[in-house]
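Notes follow once the structure below has been shown.
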Amino acid sequence: MNAGSRPRDPPGAVARAIGLVEARGREQGVEYPFQGTIATTDGESLWVFRYSSAGTSRSLFFTRDVRTLRQQYPDREILREVSDDARLVVSEPMGDLPGAWAEMPEASYGIVSKGDDQLLPFAPEPP
């Protein structure tokens, strides 16, 4: 990939990287070689991943639509300070905003981009 060009397939790249880690780890006798959450961006879109070889990843949460949250919590200054397309991705929910946080399912990835969010299943690709 040339400098300045956009990534072509971040989910595929992460799937291949984790697949390689799992394959090499298992060759060395590691039963569950991968545990993690990953985030990457190209400056326009954000990809977030939740996966572990054991099927019990650490938690990963994201905020719901900011416009809806502003309606639900009009007194929260932080919600007035961020743009309509802002999202927070965190390991644990912050604050006391019931309904504001959604937990990413195990073995999934999300794509956040202006006006378009997606939540999809994730699986590593062995080498």
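Convention: chains lettered A, B, ... in structure tokens order; per-chain residue numbering from 1; ligands numbered from 1 as shown.
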Any chance you could list, as a ChimeraX atom specification, the residues in segment 70-121 of chain A that come up strand (DSSP E or B) when DSSP is run on the backbone?
/A:89-90,101-103,108-113,116-121
Counting only C-alpha atoms, which residues of segment 48-118 of chain A sit at most 12 Å from some atom of segment 16-36 of chain A, and what is each one's closest atom pair with its distance in Å to one decimal, listed by chain and rising residue number, as a tab-separated table?
```
residue	atom	partner	partner_atom	distance
A:Val48	CA	A:Gly36	CA	10.7
A:Phe49	CA	A:Gly36	CA	8.1
A:Arg50	CA	A:Gly36	CA	6.4
A:Tyr51	CA	A:Gly36	CA	5.9
A:Ser52	CA	A:Gln35	CA	4.1
A:Ser53	CA	A:Tyr32	CA	4.9
A:Ala54	CA	A:Tyr32	CA	5.5
A:Gly55	CA	A:Gln35	CA	8.7
A:Thr56	CA	A:Gln35	CA	8.1
A:Ser57	CA	A:Gln35	CA	6.0
A:Arg58	CA	A:Gly36	CA	6.8
A:Ser59	CA	A:Gly36	CA	9.2
A:Leu60	CA	A:Gly36	CA	9.7
A:Ser91	CA	A:Gly36	CA	10.7
A:Glu106	CA	A:Gly36	CA	10.7
A:Ala107	CA	A:Gly36	CA	10.3
A:Ser108	CA	A:Gly36	CA	11.6
A:Tyr109	CA	A:Gly36	CA	11.9
```
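Checking A:Val66, A:Ala102, A:Ala39, A:Leu97 one by one against Ser83 of chain A, counting only C-alpha atoms, you find the shortest gap at A:Val66.
Interatomic distance, atom CA of Glu77 of chain A to atom CA of Thr40 of chain A: 27.6 Å.
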Run DSSP on the backbone of this structure and report the residues of segment 35-102 of chain A it assigns to alpha helix (DSSP H), as a list in words.
Val66, Arg67, Thr68, Leu69, Arg70, Gln71, Gln72, Glu77, Ile78, Leu79, Arg80 and Glu81 of chain A
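In this model, the gap between atom CA of Met104 of chain A and atom CA of Thr68 of chain A comes to 19.0 Å.
Computed from the coordinates, the atom CA of Trp47 of chain A to atom CA of Pro10 of chain A distance equals 7.5 Å.
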Nearest to Ala123 of chain A, restricted to only C-alpha atoms and choosing among A:Glu81, A:Val14, A:Tyr73, A:Ser45, comes out as A:Val14
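Among the candidates A:Phe62, A:Ala100, A:Gln71, A:Leu79, the residue lying nearest to Leu46 of chain A is A:Phe62 (atoms considered: only C-alpha atoms).
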Counting only C-alpha atoms, the residue of A:Ile38, A:Ile78, A:Ala86, A:Met94 that sits nearest Asp116 of chain A
A:Ala86
